Amino acid sequence: MKYLKVAAVAAIALLAFSCAPKLPQAEVDAATAAFNAAKTAQADVYAADAFKTASAANDTLQADLSSKAYAKAKTDAKALQDASAAASAAVDAGKATMKTSLDQAVTDLGAELPVVQKELAKAVHAGKKAKLDVKPYKTLVADTKSGLADVKSSEDAGNIADANTKITALKATLDDAKAKLEAAGYKA
């Protein structure tokens, strides 16, 4: 009788174990590959909102795997794969939008630089009567010109995000210089 009870418990345990959901390895692998492809395509940079959705889906899947909720993991793996594919697909549109913004910023900076140079020339012409030290502004103008070359190099290399970051910094610095020159009375 004792052996019969042990055998019955063992049979029930074996039945429960064999009926438990299995790890959906193929689905998890496909979802992980899609998520890694989205990261490689820089979806976090060019399609940030879509990538956030994919990242949240990845977090959910990882939580399912950690808690061994394999039945739910299969559904969440599909959601991750779909969200990652959408993020990857949005990269080209994001790059195009960022490129348009970059081109406009380069045009704006190209128009602003001669104005700052004229204002700087007025300050230099004022000589010792100038209300500010012109040396940093001369350096700034030279740095802006070389910075534009760096922006162009990044853009030519296809790194639109890096070029956009550089042009934004150049524009902010030049805007600040222009404001200070004009505040000192050297408006072009």
# chains A, B, ... in the order shown; residues from 1 in each chain; ligands from 1

call {"tool": "select_by_dssp", "arguments": {"residues": "region 11-135 of chain A", "states": "alpha helix (DSSP H)", "output": "PyMOL selection string"}}
result
chain A and resi 11-19+25-40+43-46+48-66+70-126+135

call {"tool": "residues_around", "arguments": {"residues": "region 139-156 of chain A", "least_positions_apart": "5", "cutoff": "10 Å", "atoms": "only C-alpha atoms", "output": "PyMOL selection string"}}
result
chain A and resi 99+102-103+106+109-110+113-114+116-117+120+134+161-167+169-171+173-174+177

call {"tool": "closest_residue", "arguments": {"among": "A:Met98, A:Ala71, A:Leu80, A:Ala184", "to": "Lys122 (chain A)", "atoms": "only C-alpha atoms"}}
result
A:Ala184

call {"tool": "closest_residue", "arguments": {"among": "A:Ala30, A:Ala47, A:Ala38, A:Ala172", "to": "Glu112 (chain A)", "atoms": "only C-alpha atoms"}}
result
A:Ala172

call {"tool": "closest_residue", "arguments": {"among": "A:Leu132, A:Ala63, A:Ala77, A:Val28", "to": "Lys180 (chain A)", "atoms": "only C-alpha atoms"}}
result
A:Leu132

call {"tool": "atom_distance", "arguments": {"atom1": "CA of Gln62 (chain A)", "atom2": "CA of Ala41 (chain A)"}}
result
21.5 Å

call {"tool": "closest_residue", "arguments": {"among": "A:Ala89, A:Asn159, A:Thr53, A:Leu61", "to": "Asp76 (chain A)", "atoms": "only C-alpha atoms"}}
result
A:Leu61

call {"tool": "residues_around", "arguments": {"residues": "Ala90 (chain A)", "least_positions_apart": "6", "cutoff": "8 Å", "atoms": "only C-alpha atoms", "output": "list in words"}}
result
Ala43, Tyr46, Ala47 and Ala50 of chain A

call {"tool": "closest_residue", "arguments": {"among": "A:Lys129, A:Lys78, A:Lys95, A:Lys118", "to": "Thr32 (chain A)", "atoms": "only C-alpha atoms"}}
result
A:Lys78

call {"tool": "atom_distance", "arguments": {"atom1": "CA of Leu181 (chain A)", "atom2": "CA of Thr107 (chain A)"}}
result
21.4 Å

call {"tool": "closest_residue", "arguments": {"among": "A:Asp175, A:Ala96, A:Val45, A:Ala83", "to": "Asn58 (chain A)", "atoms": "only C-alpha atoms"}}
result
A:Ala83

call {"tool": "atom_distance", "arguments": {"atom1": "CA of Asn36 (chain A)", "atom2": "CA of Ser84 (chain A)"}}
result
8.3 Å
